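Structure file final-v8.txt (compact mmCIF, C-alpha atoms) follows.
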```txt
# COMPACT_ATOMS: atom_id res chain seq x y z
CA MET A 1044 10.75 -109.48 1.30
CA LEU A 1045 9.68 -105.88 0.70
CA SER A 1046 13.24 -104.66 1.26
CA GLU A 1047 14.50 -107.18 -1.29
CA LEU A 1048 11.88 -106.04 -3.80
CA ARG A 1049 12.97 -102.43 -3.29
CA GLU A 1050 16.57 -103.45 -3.84
CA LEU A 1051 15.64 -105.29 -7.03
CA TYR A 1052 13.85 -102.16 -8.22
CA ARG A 1053 16.99 -100.11 -7.58
CA TYR A 1054 18.84 -102.50 -9.87
CA ARG A 1055 16.17 -102.29 -12.60
CA ASP A 1056 18.74 -100.90 -15.06
CA LEU A 1057 20.76 -104.08 -14.61
CA VAL A 1058 17.66 -106.18 -15.32
CA VAL A 1059 17.08 -104.19 -18.52
CA GLN A 1060 20.69 -104.72 -19.59
CA LEU A 1061 20.45 -108.45 -18.89
CA VAL A 1062 17.30 -108.67 -21.02
CA ILE A 1063 18.96 -106.79 -23.88
CA ARG A 1064 22.05 -108.97 -23.57
CA ASP A 1065 19.97 -112.16 -23.74
CA LEU A 1066 18.12 -110.97 -26.84
CA LYS A 1067 21.37 -109.97 -28.57
CA ILE A 1068 23.09 -113.27 -27.78
CA ARG A 1069 20.07 -115.26 -28.91
CA TYR A 1070 20.03 -113.62 -32.33
CA LYS A 1071 23.74 -112.96 -32.77
CA ASN A 1072 24.86 -113.40 -36.39
CA SER A 1073 21.31 -114.41 -37.34
CA VAL A 1074 19.76 -113.00 -40.51
CA LEU A 1075 16.14 -113.79 -39.63
CA GLY A 1076 16.53 -113.01 -35.93
CA PHE A 1077 13.25 -113.34 -34.02
CA PHE A 1078 11.62 -115.37 -36.79
CA TRP A 1079 13.89 -118.31 -36.03
CA SER A 1080 12.24 -118.49 -32.60
CA LEU A 1081 8.82 -118.38 -34.25
CA LEU A 1082 9.70 -120.96 -36.90
CA ASN A 1083 9.90 -123.80 -34.37
CA PRO A 1084 6.33 -123.44 -33.02
CA LEU A 1085 4.95 -122.83 -36.53
CA VAL A 1086 6.51 -126.03 -37.86
CA GLN A 1087 5.34 -128.03 -34.82
CA VAL A 1088 1.81 -126.64 -35.11
CA ALA A 1089 1.77 -127.53 -38.82
CA PHE A 1090 2.73 -131.15 -38.11
CA ILE A 1091 0.28 -131.41 -35.18
CA THR A 1092 -2.51 -130.10 -37.41
CA ILE A 1093 -1.67 -132.61 -40.17
CA VAL A 1094 -1.66 -135.53 -37.74
CA ILE A 1095 -4.86 -134.51 -35.92
CA LYS A 1096 -6.90 -133.59 -38.99
CA PHE A 1097 -5.71 -136.03 -41.62
CA VAL A 1098 -4.44 -139.03 -39.66
CA LEU A 1099 -6.76 -139.07 -36.62
CA ARG A 1100 -9.60 -137.58 -38.69
CA VAL A 1101 -10.61 -134.96 -36.11
CA HIS A 1102 -12.81 -132.35 -37.77
CA LEU A 1103 -12.53 -128.76 -36.57
CA ASP A 1104 -12.36 -125.69 -38.77
CA ASN A 1105 -9.21 -123.59 -38.32
CA TYR A 1106 -7.65 -126.26 -36.11
CA SER A 1107 -4.19 -124.74 -36.57
CA ALA A 1108 -5.42 -121.48 -34.99
CA TYR A 1109 -6.70 -123.38 -31.94
CA VAL A 1110 -3.36 -125.13 -31.53
CA LEU A 1111 -1.28 -121.99 -32.09
CA ALA A 1112 -3.33 -119.93 -29.60
CA ALA A 1113 -2.26 -122.34 -26.84
CA PHE A 1114 1.13 -123.34 -28.23
CA LEU A 1115 2.61 -119.83 -28.07
CA PRO A 1116 1.87 -119.43 -24.31
CA TRP A 1117 3.14 -122.97 -23.79
CA MET A 1118 6.44 -122.00 -25.43
CA PHE A 1119 6.59 -118.98 -23.13
CA PHE A 1120 6.23 -121.32 -20.14
CA GLN A 1121 8.67 -123.91 -21.46
CA MET A 1122 11.44 -121.53 -22.49
CA SER A 1123 11.12 -119.47 -19.29
CA LEU A 1124 11.78 -122.58 -17.21
CA LEU A 1125 14.54 -124.00 -19.40
CA ASP A 1126 16.36 -120.66 -19.59
CA ALA A 1127 15.95 -119.98 -15.87
CA SER A 1128 17.11 -123.45 -14.83
CA ASP A 1129 20.80 -122.64 -15.37
CA SER A 1130 20.58 -118.85 -15.21
CA VAL A 1131 22.61 -118.67 -11.99
CA LEU A 1132 25.25 -121.19 -13.07
CA LYS A 1133 25.85 -119.38 -16.35
CA HIS A 1134 26.75 -116.20 -14.49
CA HIS A 1135 28.96 -117.77 -11.82
CA ASP A 1136 31.91 -115.49 -12.65
CA MET A 1137 29.81 -112.36 -12.25
CA LEU A 1138 28.31 -113.66 -9.00
CA LYS A 1139 31.76 -113.99 -7.45
CA LYS A 1140 33.00 -110.57 -8.56
CA VAL A 1141 30.08 -108.14 -8.39
CA TYR A 1142 27.25 -107.67 -5.95
CA PHE A 1143 23.72 -107.41 -7.34
CA PRO A 1144 20.35 -108.98 -6.45
CA ARG A 1145 20.71 -112.57 -7.60
CA GLU A 1146 17.01 -112.77 -8.45
CA ALA A 1147 17.69 -110.36 -11.33
CA LEU A 1148 18.98 -113.35 -13.34
CA PRO A 1149 15.79 -115.45 -13.55
CA VAL A 1150 13.64 -112.30 -13.68
CA SER A 1151 15.50 -111.00 -16.75
CA LEU A 1152 15.10 -114.31 -18.60
CA VAL A 1153 11.37 -114.53 -17.94
CA ILE A 1154 11.01 -110.93 -19.17
CA SER A 1155 13.04 -111.80 -22.28
CA ASN A 1156 10.70 -114.67 -23.06
CA LEU A 1157 7.70 -112.43 -22.40
CA ILE A 1158 8.98 -110.12 -25.15
CA HIS A 1159 9.12 -113.13 -27.47
CA LEU A 1160 5.51 -113.95 -26.60
CA VAL A 1161 4.36 -110.42 -27.40
CA LEU A 1162 6.10 -110.50 -30.79
CA ALA A 1163 4.72 -113.98 -31.50
CA PHE A 1164 1.16 -112.81 -30.82
CA VAL A 1165 1.64 -109.95 -33.27
CA VAL A 1166 2.35 -112.58 -35.92
CA PHE A 1167 -0.61 -114.64 -34.63
CA PHE A 1168 -3.01 -111.73 -35.20
CA VAL A 1169 -1.66 -111.30 -38.73
CA TYR A 1170 -2.29 -115.03 -39.19
CA LEU A 1171 -5.87 -114.66 -37.92
CA VAL A 1172 -6.61 -111.93 -40.42
CA THR A 1173 -5.71 -114.31 -43.26
CA ILE A 1174 -8.08 -117.06 -42.05
CA PRO A 1175 -11.73 -117.04 -43.19
CA ARG A 1176 -14.25 -116.83 -40.34
CA ALA A 1177 -11.53 -116.04 -37.77
CA PRO A 1178 -11.96 -112.37 -36.86
CA ILE A 1179 -10.10 -110.60 -34.08
CA LEU A 1180 -12.55 -110.61 -31.17
CA PRO A 1181 -13.19 -107.76 -28.68
CA THR A 1182 -12.22 -110.17 -25.88
CA ALA A 1183 -8.67 -110.08 -27.28
CA LEU A 1184 -8.31 -106.91 -25.19
CA LEU A 1185 -7.94 -109.26 -22.20
CA LEU A 1186 -4.73 -110.67 -23.67
CA PRO A 1187 -2.42 -108.40 -21.58
CA VAL A 1188 -4.21 -109.59 -18.43
CA LEU A 1189 -3.57 -113.24 -19.27
CA MET A 1190 0.04 -112.51 -20.17
CA ALA A 1191 0.52 -110.70 -16.84
CA ILE A 1192 -0.91 -113.67 -14.90
CA GLN A 1193 1.28 -116.11 -16.81
CA PHE A 1194 4.34 -113.90 -16.28
CA ILE A 1195 3.74 -114.09 -12.52
CA PHE A 1196 3.17 -117.85 -12.69
CA ASN A 1197 6.30 -118.47 -14.81
CA LEU A 1198 8.34 -116.27 -12.49
CA GLY A 1199 7.27 -118.23 -9.42
CA VAL A 1200 8.26 -121.56 -10.96
CA ALA A 1201 11.48 -120.05 -12.35
CA PHE A 1202 12.57 -118.91 -8.88
CA PHE A 1203 12.28 -122.45 -7.53
CA ILE A 1204 14.02 -124.10 -10.48
CA SER A 1205 16.89 -121.60 -10.83
CA CYS A 1206 17.65 -121.91 -7.12
CA LEU A 1207 17.40 -125.70 -6.91
CA ASN A 1208 19.67 -126.13 -9.94
CA VAL A 1209 22.51 -124.42 -8.05
CA PHE A 1210 22.43 -127.15 -5.41
CA TYR A 1211 21.27 -130.06 -7.58
CA GLU A 1212 22.37 -129.78 -11.20
CA ASP A 1213 20.08 -132.67 -12.13
CA THR A 1214 17.22 -130.19 -11.76
CA LYS A 1215 17.52 -128.84 -15.31
CA PHE A 1216 17.38 -132.37 -16.73
CA ILE A 1217 14.37 -133.26 -14.60
CA VAL A 1218 12.66 -130.07 -15.75
CA ALA A 1219 13.27 -130.93 -19.42
CA VAL A 1220 11.78 -134.41 -18.98
CA ALA A 1221 8.85 -133.09 -16.96
CA LEU A 1222 8.06 -130.47 -19.60
CA ASN A 1223 7.94 -133.12 -22.32
CA ALA A 1224 5.42 -135.12 -20.28
CA LEU A 1225 3.44 -132.04 -19.23
CA PHE A 1226 2.99 -130.98 -22.85
CA TYR A 1227 0.63 -133.91 -23.40
CA ALA A 1228 -1.20 -133.33 -20.12
CA THR A 1229 -2.12 -129.72 -20.95
CA PRO A 1230 -4.68 -128.59 -23.55
CA VAL A 1231 -2.23 -127.59 -26.28
CA MET A 1232 -2.81 -130.18 -29.02
CA TYR A 1233 -6.44 -130.68 -28.05
CA VAL A 1234 -9.29 -128.56 -26.71
CA SER A 1235 -10.18 -128.84 -23.02
CA GLU A 1236 -13.70 -130.06 -23.86
CA LEU A 1237 -12.13 -133.39 -24.82
CA VAL A 1238 -10.78 -133.72 -21.29
CA TYR A 1239 -14.18 -132.86 -19.80
CA SER A 1240 -15.92 -135.47 -21.94
CA ALA A 1241 -13.41 -138.14 -20.86
CA LEU A 1242 -13.75 -137.56 -17.10
CA PRO A 1243 -15.72 -140.19 -15.15
CA SER A 1244 -19.25 -138.97 -14.49
CA ALA A 1245 -19.12 -139.88 -10.78
CA HIS A 1246 -16.46 -137.28 -9.99
CA LYS A 1247 -16.63 -135.09 -13.10
CA GLY A 1248 -17.31 -131.82 -11.25
CA LEU A 1249 -14.45 -132.21 -8.77
CA LEU A 1250 -11.92 -133.43 -11.34
CA TRP A 1251 -12.85 -130.64 -13.76
CA THR A 1252 -12.40 -128.03 -11.03
CA LEU A 1253 -8.96 -129.41 -10.16
CA TYR A 1254 -8.05 -129.42 -13.83
CA GLN A 1255 -9.17 -125.83 -14.34
CA VAL A 1256 -7.59 -124.23 -11.26
CA ASN A 1257 -4.20 -125.48 -12.38
CA PRO A 1258 -2.83 -122.08 -13.52
CA LEU A 1259 -1.24 -123.43 -16.68
CA ASN A 1260 -4.40 -125.25 -17.81
CA ALA A 1261 -6.63 -122.31 -16.92
CA LEU A 1262 -4.42 -119.89 -18.86
CA LEU A 1263 -4.15 -122.01 -21.99
CA ILE A 1264 -7.92 -122.46 -22.00
CA ALA A 1265 -8.43 -118.72 -21.48
CA TYR A 1266 -6.08 -117.78 -24.33
CA ARG A 1267 -8.18 -119.85 -26.72
CA LYS A 1268 -11.50 -118.54 -25.42
CA ILE A 1269 -10.61 -114.85 -25.72
CA LEU A 1270 -8.83 -115.09 -29.08
CA LEU A 1271 -11.03 -117.46 -31.08
CA ASN A 1272 -14.72 -117.91 -31.77
CA PRO A 1273 -16.46 -120.84 -30.03
CA PHE A 1274 -16.29 -123.94 -32.17
CA SER A 1275 -19.57 -125.47 -33.33
CA ASP A 1276 -18.52 -128.46 -35.42
CA PHE A 1277 -15.94 -130.39 -33.43
CA GLN A 1278 -16.36 -134.06 -34.33
CA LEU A 1279 -14.37 -137.02 -33.08
CA LYS A 1280 -15.28 -140.52 -34.24
CA GLY A 1281 -18.76 -139.36 -35.13
CA ALA A 1282 -19.42 -137.69 -31.76
CA SER A 1283 -19.82 -133.92 -31.48
CA LEU A 1284 -18.49 -131.72 -28.68
CA THR A 1285 -20.01 -128.47 -27.48
CA ASP A 1286 -17.80 -125.48 -26.78
CA MET A 1287 -17.73 -124.48 -23.11
CA PRO A 1288 -17.53 -120.74 -22.25
CA LEU A 1289 -14.62 -119.32 -20.29
CA ASN A 1290 -15.15 -119.62 -16.55
CA TYR A 1291 -13.72 -116.43 -15.04
CA GLY A 1292 -14.06 -117.87 -11.54
CA TYR A 1293 -11.58 -120.66 -12.32
CA LEU A 1294 -9.29 -118.13 -13.98
CA GLY A 1295 -9.43 -115.92 -10.88
CA ILE A 1296 -8.48 -118.85 -8.65
CA ALA A 1297 -5.61 -119.72 -10.99
CA ALA A 1298 -4.44 -116.09 -10.84
CA LEU A 1299 -4.48 -116.16 -7.03
CA ILE A 1300 -2.49 -119.42 -7.02
CA SER A 1301 0.02 -117.85 -9.43
CA ILE A 1302 0.54 -114.86 -7.12
CA LEU A 1303 1.00 -117.10 -4.07
CA LEU A 1304 3.41 -119.29 -6.04
CA ALA A 1305 5.45 -116.23 -7.07
CA ILE A 1306 5.65 -115.05 -3.45
CA ALA A 1307 6.67 -118.52 -2.24
CA GLY A 1308 9.24 -118.87 -5.03
CA TYR A 1309 10.73 -115.45 -4.33
CA HIS A 1310 10.99 -116.25 -0.62
CA PHE A 1311 12.54 -119.67 -1.37
CA PHE A 1312 15.12 -118.09 -3.70
CA ASN A 1313 16.06 -115.24 -1.36
CA LYS A 1314 16.60 -117.51 1.64
CA ARG A 1315 19.23 -119.46 -0.28
CA LYS A 1316 20.82 -116.93 -2.65
CA TRP A 1317 23.54 -116.08 -0.09
CA MET A 1318 24.91 -119.62 -0.49
CA PHE A 1319 25.24 -119.43 -4.27
CA ALA A 1320 28.85 -118.19 -4.31
CA GLU A 1321 29.92 -121.11 -2.09
CA MET A 1322 28.21 -123.67 -4.33
CA LEU A 1323 29.62 -122.34 -7.64
```

What would the structure in this file look like if it were written as structure tokens?
Amino acid sequence: MLSELRELYRYRDLVVQLVIRDLKIRYKNSVLGFFWSLLNPLVQVAFITIVIKFVLRVHLDNYSAYVLAAFLPWMFFQMSLLDASDSVLKHHDMLKKVYFPREALPVSLVISNLIHLVLAFVVFFVYLVTIPRAPILPTALLLPVLMAIQFIFNLGVAFFISCLNVFYEDTKFIVAVALNALFYATPVMYVSELVYSALPSAHKGLLWTLYQVNPLNALLIAYRKILLNPFSDFQLKGASLTDMPLNYGYLGIAALISILLAIAGYHFFNKRKWMFAEML
């Protein structure tokens, strides 16, 4: 595995060119460019906020900020997987003609989506400045750490999906369906305290631990905790919820799982990449 990592590093210029190529293709002949990618989450967050606050009558100041702080990382996860799912198949001609580390394909797409996340958070901070009682917190300095952990996590999953889709093209469709279901199972539209309050008291501690060590859940919770002030007035059907502080222990476990997943995904991909040309 170390020799393959060294080889990938030697082809770093190719990875850079693939990232640039993806960004150019994505915004080709587009006047607004990057802002088209940001428009989708902004519109979705606006509709989610309207439904939650005015239809379901959930009271929480700056609810849109709480949704957006988790929605942007969710989009990073979602688009990384969807783009990576057919990354190998899209480059089948190049795979048959030129030698290069095949893992450069999913890696470049995850990096491309990471760039989108960075740009989106720049807009998010501008948005925060315009909201009353929503200052930029000192803990926001931890944002690069969370983004690095999520990059590793996304990369691990992307290796599995991009490889499996070469052999089973149903994979990309399964991933799309699974992401739609997973969206409602992760704390994007709602705060994690709602999940904690709904867990059965008999096994609350165990179930909450399992929920938190899931890297995706732990990261989305952490993004909110470091970027936004604790809420103090969350009310749902007359009941109030108390904000829970960020548990760095759970986040550390999630980071370890992400690293192990990336190693396993890279190993899985490299064991099978020599068969790609035959399958395409």

Taking all listed atoms of range 1157-1171 of chain A, build the axis-aligned box, pad each of the six sides by 6 Å, then write its centre and edge lengths in Å to one decimal as lines of an AutoDock Vina configuration file.
```
center_x = 1.6
center_y = -112.5
center_z = -30.8
size_x = 27.0
size_y = 17.1
size_z = 28.8
```

Atom pair CA of Ala1265 in chain A / CA of Ala1183 in chain A: separation (Å):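 Interatomic distance here is 10.4 Å.
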
Which is closest to Leu1125 in chain A among A:Gln1193, A:Asn1223, A:Asn1313, A:Asn1290, if we use all atoms listed in the file?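 Using all atoms listed in the file, the shortest distance to Leu1125 in chain A belongs to A:Asn1223.
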
What's around Glu1236 in chain A at 12 Å? Count all atoms listed in the file, leave out sequence neighbours fewer than 3 positions away in its own chain, and write the answer as a PyMOL selection string. chain A and resi 1229-1231+1233+1239-1242+1251+1254-1255+1264+1267-1268+1273-1274+1277-1279+1283-1289

Mind pulling up the distance from CA of Lys1316 in chain A to CA of His1135 in chain A?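 The value is 12.3 Å.
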
CA of Val1165 in chain A to CA of Tyr1227 in chain A, distance in Å rounded to a single decimal: 25.9 Å

Local residues around (18.7, -130.6, -19.8), at most 12 Å away, using only C-alpha atoms, as a list in words: Met1122, Leu1124, Leu1125, Asp1126, Ala1127, Ser1128, Asp1129, Asn1208, Glu1212, Asp1213, Thr1214, Lys1215, Phe1216, Ile1217, Val1218, Ala1219, Val1220, Ala1221, Leu1222 and Asn1223 of chain A

Save the residues we just selected, C-alpha atoms, as an mmCIF file, in the coordinates of the input?
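Produced file out-v1.cif, reproduced below:
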```cif
data_model
loop_
_atom_site.group_PDB
_atom_site.id
_atom_site.type_symbol
_atom_site.label_atom_id
_atom_site.label_comp_id
_atom_site.auth_asym_id
_atom_site.auth_seq_id
_atom_site.Cartn_x
_atom_site.Cartn_y
_atom_site.Cartn_z
ATOM 1 C CA MET A 1122 11.440 -121.530 -22.490
ATOM 2 C CA LEU A 1124 11.780 -122.580 -17.210
ATOM 3 C CA LEU A 1125 14.540 -124.000 -19.400
ATOM 4 C CA ASP A 1126 16.360 -120.660 -19.590
ATOM 5 C CA ALA A 1127 15.950 -119.980 -15.870
ATOM 6 C CA SER A 1128 17.110 -123.450 -14.830
ATOM 7 C CA ASP A 1129 20.800 -122.640 -15.370
ATOM 8 C CA ASN A 1208 19.670 -126.130 -9.940
ATOM 9 C CA GLU A 1212 22.370 -129.780 -11.200
ATOM 10 C CA ASP A 1213 20.080 -132.670 -12.130
ATOM 11 C CA THR A 1214 17.220 -130.190 -11.760
ATOM 12 C CA LYS A 1215 17.520 -128.840 -15.310
ATOM 13 C CA PHE A 1216 17.380 -132.370 -16.730
ATOM 14 C CA ILE A 1217 14.370 -133.260 -14.600
ATOM 15 C CA VAL A 1218 12.660 -130.070 -15.750
ATOM 16 C CA ALA A 1219 13.270 -130.930 -19.420
ATOM 17 C CA VAL A 1220 11.780 -134.410 -18.980
ATOM 18 C CA ALA A 1221 8.850 -133.090 -16.960
ATOM 19 C CA LEU A 1222 8.060 -130.470 -19.600
ATOM 20 C CA ASN A 1223 7.940 -133.120 -22.320
#
```

Nearest to Leu1270 in chain A: which of A:Val1086, A:Met1190, A:Leu1207, A:Ile1179 is it, counting only C-alpha atoms? A:Ile1179

Using all atoms listed in the file: which of A:Tyr1291, A:Tyr1266, A:Tyr1211, A:Phe1203 has the shortest distance to Ser1235 in chain A: A:Tyr1266

When you count only C-alpha atoms, which of these residues is closest to Leu1294 in chain A: A:Phe1312, A:Tyr1109, A:Val1234, A:Ile1192?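 Comparing A:Phe1312, A:Tyr1109, A:Val1234, A:Ile1192 against Leu1294 in chain A, the winner is A:Ile1192.
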
Distance cut-off 8 Å, centre (3.2, -127.9, -12.7) in file coordinates, counting all atoms listed in the file: which residues qualify? Return them as a list in words.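 Those residues lying close to the given coordinates are Leu1225, Asn1257 and Leu1259 of chain A.
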
Range 1144-1161 of chain A environment, 7 Å, all atoms listed in the file, sequence neighbours closer than 6 positions dropped, as a PyMOL selection string: chain A and resi 1051+1058+1061-1062+1066+1115-1116+1119+1122-1123+1126-1127+1130-1131+1198+1201-1202+1205+1316
